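*Asks:* Structure below; questions to follow.
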Amino acid sequence: MSLLFLRLPLLAGAGKRVAYAGAILFLAIQARAADVSVLGVPWTLMVGTAHLQAGAGTEFESPIVSDVHLAFLSITNTGGASWNLRIARENAMQWPDGVSILLKRSGGSGEAGLSDGLSYLALTSDPQAFFSGTGDYESVEILVRLDGITTATAAGLHSLTIRYAVEVP
Amino acid sequence: MKHSTDIRRLALRAGIVAAIASASGILHAASSATQDVDITVQNVNEISVGTTVTVNINTAVAGANPSGSATSNYSITTNSATAKKITAQLVSALTTGLTLSVNLQAPSTGTSAGVTPLTTAAVDVVTSIDAVAAGSLSISYAATATVAVAPNTYSADVTYTVVDDS
């Protein structure tokens with residue numbers, strides 16, 4: 001924003017109309033900005049014997065976890081505008097085949113007015129529409145489900161990054 | 001004519017403002033945040049066996065030692081990337097004159113050693129077990145007693161262990 005203010009005086013020679021156009025453009029830009037932040041990072045899970053369906057002779061539970069708190073999202077600086085939140089996974093080169101992470105929002109009392117996002121959505125490398133809303137939301141709870149871990153899943157550490165992106169159409 | 005030039009200049013400079021704003025990131029309507037997810041899958045090598053088995057040594061063929069048999073079952077889950085095996089051993093030595101052997105059914109990924117006499121030293125009973133979850137696999141017990149063994153009830157504890165097959 002400061003960069004824009006610094007540039008405006010350079011346009012003074014073009015007359016008031018330029019300055020007005022710049023101001024209008026600036027205001028329009030300001031109205032279309034929004035920020036998303038994540039509270040509750042990172043998320044870790046240890047999968048072991050306790051996650052077997054019924055001890056020796058049985059597979060891991062599927063899902064391993066469901067409806068478990070993952071994070072709170074804060075969507076701010078919307079200026080009352082409508083926005084869309086998209087999610088994608090990154091840095092998942094070593095992620096085991098067949099194992100899925102799915103997200104949904106909790107639908108809690110602080111989420112009135114939001115649309116979509118109440119059914120689990122599997123993360124993919126391509127950004128997908130998750131949910132949308134209008135105006136600021138301080139605390140949207142995100143829940144996680146983990147599917148697909150079996151005895152064929154290699155033991156060890158598996159990591160990925162979830163990217164949350166808020167877009168103002 | 002001058003009016004038209006002014007409009008073009010206005011449009012051009014408005015475009016410059018937009019370009020500057022875009023380059024500075026102000027025009028970006030999207031903001032994003034990231035969250036790392038770490039999942040650790042632990043090594044799981046679990047085995048369980050059925051309840052206490054009673055082997056009645058009450059069958060005899062003339063000229064041979066009396067014998068008896070019984071069956072039980074076991075279950076195994078392993079997610080190991082390297083082959084595992086099951087060993088079996090007696091916790092303590094049997095009374096002199098008694099023998100006990102086992103024959104374990106292998107899971108789909110393993111190989112049974114067949115009928116194997118038990119001692120207090122660990123012996124392989126199933127080998128080459130890859131990642132698998134299998135339940136209700138059979139264990140066949142066979143016992144013999146020489147005629148010198150007095151009729152009585154004798155106990156034997158067998159320990160089954162999942163270890164690396166190397």
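Quick note on naming: the chains in the structure tokens go A, B, ... in the order shown, residues restart at 1 in each chain, and ligands are numbered from 1 in order of appearance.
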Among stretch 78-164 of chain B, which residues does DSSP mark as strand (DSSP E) when it is run on the backbone? Keep the chain and numbering as in the structure and answer as a PDB file with C-alpha atoms, in the first residue's frame.
*Replies:*
```pdb
ATOM      1  CA  THR B  78       3.101 -56.617  10.685  1.00  0.00           C
ATOM      2  CA  LYS B  84       9.836 -61.140   9.592  1.00  0.00           C
ATOM      3  CA  LYS B  85       9.680 -64.605  11.079  1.00  0.00           C
ATOM      4  CA  ILE B  86       8.004 -66.235  14.032  1.00  0.00           C
ATOM      5  CA  THR B  87      10.062 -68.175  16.485  1.00  0.00           C
ATOM      6  CA  ALA B  88       8.778 -70.507  19.198  1.00  0.00           C
ATOM      7  CA  GLN B  89      10.387 -71.801  22.371  1.00  0.00           C
ATOM      8  CA  LEU B  90       9.473 -73.418  25.635  1.00  0.00           C
ATOM      9  CA  LEU B  98       7.695 -85.615  27.178  1.00  0.00           C
ATOM     10  CA  THR B  99       7.967 -83.984  23.738  1.00  0.00           C
ATOM     11  CA  LEU B 100       5.959 -81.171  22.241  1.00  0.00           C
ATOM     12  CA  SER B 101       5.972 -80.015  18.651  1.00  0.00           C
ATOM     13  CA  VAL B 102       4.064 -77.353  16.735  1.00  0.00           C
ATOM     14  CA  ASN B 103       3.052 -76.735  13.171  1.00  0.00           C
ATOM     15  CA  LEU B 104       1.947 -73.203  12.353  1.00  0.00           C
ATOM     16  CA  THR B 111       6.363 -69.916   4.766  1.00  0.00           C
ATOM     17  CA  SER B 112       5.653 -72.522   7.426  1.00  0.00           C
ATOM     18  CA  THR B 116       8.862 -78.388  14.611  1.00  0.00           C
ATOM     19  CA  PRO B 117       9.950 -79.893  17.958  1.00  0.00           C
ATOM     20  CA  VAL B 123      13.299 -72.175  16.608  1.00  0.00           C
ATOM     21  CA  ASP B 124      11.784 -70.799  13.421  1.00  0.00           C
ATOM     22  CA  VAL B 125       8.217 -71.875  12.857  1.00  0.00           C
ATOM     23  CA  VAL B 126       7.189 -69.396  10.117  1.00  0.00           C
ATOM     24  CA  THR B 127       9.603 -67.437   7.960  1.00  0.00           C
ATOM     25  CA  SER B 128       9.611 -64.862   5.152  1.00  0.00           C
ATOM     26  CA  ILE B 129       6.627 -62.910   6.438  1.00  0.00           C
ATOM     27  CA  VAL B 132       0.299 -58.708   6.422  1.00  0.00           C
ATOM     28  CA  ALA B 133      -2.689 -58.768   8.717  1.00  0.00           C
ATOM     29  CA  ALA B 134      -3.987 -62.305   9.165  1.00  0.00           C
ATOM     30  CA  GLY B 135      -6.134 -63.845  11.845  1.00  0.00           C
ATOM     31  CA  SER B 136      -7.285 -67.323  12.852  1.00  0.00           C
ATOM     32  CA  LEU B 137      -4.238 -69.115  11.502  1.00  0.00           C
ATOM     33  CA  SER B 138      -3.949 -72.636  12.841  1.00  0.00           C
ATOM     34  CA  ILE B 139      -1.459 -74.011  15.329  1.00  0.00           C
ATOM     35  CA  SER B 140      -1.261 -77.775  15.606  1.00  0.00           C
ATOM     36  CA  TYR B 141       0.277 -79.189  18.781  1.00  0.00           C
ATOM     37  CA  ALA B 142       1.486 -82.762  19.059  1.00  0.00           C
ATOM     38  CA  ALA B 143       2.861 -84.310  22.229  1.00  0.00           C
ATOM     39  CA  THR B 144       4.317 -87.656  23.095  1.00  0.00           C
ATOM     40  CA  ALA B 145       5.234 -89.259  26.382  1.00  0.00           C
ATOM     41  CA  VAL B 158       5.337 -71.639  24.640  1.00  0.00           C
ATOM     42  CA  THR B 159       6.551 -68.210  23.653  1.00  0.00           C
ATOM     43  CA  TYR B 160       6.009 -67.004  20.091  1.00  0.00           C
ATOM     44  CA  THR B 161       8.015 -64.012  18.938  1.00  0.00           C
ATOM     45  CA  VAL B 162       8.052 -61.941  15.766  1.00  0.00           C
ATOM     46  CA  VAL B 163      11.603 -61.022  14.822  1.00  0.00           C
ATOM     47  CA  ASP B 164      13.545 -59.960  11.742  1.00  0.00           C
TER      48      ASP B 164
END
```
*Asks:* Find the distance between atom CA of A:Gly108 and atom CA of A:Ser139 and write it in Å to one decimal.
*Replies:*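 Those two atoms sit 9.5 Å apart.
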*Asks:* For A:Leu157, which residue out of B:Asn43, B:Ser31, B:Thr51, B:Thr95 is the nearest one, using only C-alpha atoms?
*Replies:*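 Closest to A:Leu157 of all the choices is B:Asn43.
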*Asks:* Pick out the residues sitting within 12 Å of B:Thr54, and hand them over as an MDAnalysis selection string; count only C-alpha atoms, and ignore anything fewer than 6 positions along from it in its own chain.
*Replies:* chainID B and resid 68:72 140:143 153:157
*Asks:* Go ahead and write the selection's residues with C-alpha atoms as an mmCIF file, in the first residue's frame.
*Replies:*
```
data_model
loop_
_atom_site.group_PDB
_atom_site.id
_atom_site.type_symbol
_atom_site.label_atom_id
_atom_site.label_comp_id
_atom_site.auth_asym_id
_atom_site.auth_seq_id
_atom_site.Cartn_x
_atom_site.Cartn_y
_atom_site.Cartn_z
ATOM 1 C CA GLY B 68 -1.925 -86.709 21.585
ATOM 2 C CA SER B 69 -2.716 -83.596 19.629
ATOM 3 C CA ALA B 70 -4.692 -80.403 19.818
ATOM 4 C CA THR B 71 -5.215 -77.290 17.775
ATOM 5 C CA SER B 72 -5.251 -73.620 18.494
ATOM 6 C CA SER B 140 -1.261 -77.775 15.606
ATOM 7 C CA TYR B 141 0.277 -79.189 18.781
ATOM 8 C CA ALA B 142 1.486 -82.762 19.059
ATOM 9 C CA ALA B 143 2.861 -84.310 22.229
ATOM 10 C CA THR B 153 -1.046 -83.105 34.168
ATOM 11 C CA TYR B 154 2.042 -81.293 32.950
ATOM 12 C CA SER B 155 2.180 -77.662 31.899
ATOM 13 C CA ALA B 156 4.256 -76.126 29.171
ATOM 14 C CA ASP B 157 4.395 -72.474 28.198
#
```
*Asks:* Give me, as number ranges by chain, all polymer residues having an atom no more than 7 Å from stretch 53-66 of chain A, counting only C-alpha atoms and skipping those fewer than 5 positions away in the same chain.
*Replies:* A: 144-151; B: 46-48, 75-77, 133-135
*Asks:* Under the rule of at most 12 Å, produce a per-residue listing of stretch 22-134 of chain B near stretch 68-91 of chain A: chain, number, name, the closest pair of atoms, and the distance in Å, as JSON lines, using only C-alpha atoms.
*Replies:*
```
{"residue": "B:Ala29", "atom": "CA", "partner": "A:Trp83", "partner_atom": "CA", "distance": 9.2}
{"residue": "B:Ala30", "atom": "CA", "partner": "A:Leu85", "partner_atom": "CA", "distance": 9.1}
{"residue": "B:Ser31", "atom": "CA", "partner": "A:Ile75", "partner_atom": "CA", "distance": 9.5}
{"residue": "B:Ser32", "atom": "CA", "partner": "A:Arg86", "partner_atom": "CA", "distance": 9.0}
{"residue": "B:Ala33", "atom": "CA", "partner": "A:Leu73", "partner_atom": "CA", "distance": 9.3}
{"residue": "B:Thr34", "atom": "CA", "partner": "A:Glu90", "partner_atom": "CA", "distance": 9.2}
{"residue": "B:Gln35", "atom": "CA", "partner": "A:Ala71", "partner_atom": "CA", "distance": 8.6}
{"residue": "B:Asp36", "atom": "CA", "partner": "A:Glu90", "partner_atom": "CA", "distance": 9.3}
{"residue": "B:Val37", "atom": "CA", "partner": "A:Leu70", "partner_atom": "CA", "distance": 9.4}
{"residue": "B:Asp38", "atom": "CA", "partner": "A:Asn91", "partner_atom": "CA", "distance": 11.5}
```
*Asks:* Produce a file of the selected residues containing N, CA and C atoms, as a PDB file, in the first residue's frame.
*Replies:*
```pdb
ATOM      1  N   ALA B  29      -5.694 -10.621  -5.111  1.00  0.00           N
ATOM      2  CA  ALA B  29      -6.883 -10.802  -4.278  1.00  0.00           C
ATOM      3  C   ALA B  29      -6.754 -12.031  -3.405  1.00  0.00           C
ATOM      4  N   ALA B  30      -5.772 -12.883  -3.683  1.00  0.00           N
ATOM      5  CA  ALA B  30      -5.628 -14.111  -2.909  1.00  0.00           C
ATOM      6  C   ALA B  30      -4.523 -13.974  -1.868  1.00  0.00           C
ATOM      7  N   SER B  31      -4.820 -14.476  -0.687  1.00  0.00           N
ATOM      8  CA  SER B  31      -3.821 -14.550   0.372  1.00  0.00           C
ATOM      9  C   SER B  31      -3.812 -15.999   0.821  1.00  0.00           C
ATOM     10  N   SER B  32      -2.679 -16.490   1.218  1.00  0.00           N
ATOM     11  CA  SER B  32      -2.656 -17.894   1.594  1.00  0.00           C
ATOM     12  C   SER B  32      -1.830 -18.114   2.849  1.00  0.00           C
ATOM     13  N   ALA B  33      -2.093 -19.239   3.469  1.00  0.00           N
ATOM     14  CA  ALA B  33      -1.356 -19.665   4.655  1.00  0.00           C
ATOM     15  C   ALA B  33      -1.158 -21.165   4.541  1.00  0.00           C
ATOM     16  N   THR B  34      -0.144 -21.665   5.206  1.00  0.00           N
ATOM     17  CA  THR B  34       0.145 -23.090   5.101  1.00  0.00           C
ATOM     18  C   THR B  34       0.177 -23.752   6.473  1.00  0.00           C
ATOM     19  N   GLN B  35      -0.017 -25.046   6.443  1.00  0.00           N
ATOM     20  CA  GLN B  35       0.032 -25.850   7.666  1.00  0.00           C
ATOM     21  C   GLN B  35       0.732 -27.162   7.344  1.00  0.00           C
ATOM     22  N   ASP B  36       1.723 -27.484   8.122  1.00  0.00           N
ATOM     23  CA  ASP B  36       2.436 -28.746   7.925  1.00  0.00           C
ATOM     24  C   ASP B  36       1.719 -29.885   8.637  1.00  0.00           C
ATOM     25  N   VAL B  37       1.736 -31.028   7.998  1.00  0.00           N
ATOM     26  CA  VAL B  37       1.141 -32.237   8.569  1.00  0.00           C
ATOM     27  C   VAL B  37       2.218 -33.317   8.610  1.00  0.00           C
ATOM     28  N   ASP B  38       2.455 -33.856   9.777  1.00  0.00           N
ATOM     29  CA  ASP B  38       3.443 -34.929   9.946  1.00  0.00           C
ATOM     30  C   ASP B  38       2.746 -36.162  10.511  1.00  0.00           C
TER      31      ASP B  38
END
```
*Asks:* So, counting only C-alpha atoms, which residue among A:Gly48, A:Gly117, A:Pro96, A:Gly110 is closest to chain B?
*Replies:*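 Going through A:Gly48, A:Gly117, A:Pro96, A:Gly110 one by one, the smallest distance to chain B is for A:Gly48.
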*Asks:* So how far away is atom CA of A:Ala122 from atom CA of B:Ala81, in Å?
*Replies:*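 For atom CA of B:Ala81 relative to atom CA of A:Ala122, the distance reads 27.0 Å.
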*Asks:* How far is it from atom CA of A:Phe131 to atom CA of A:Leu114, in Å with one decimal?
*Replies:* 6.9 Å
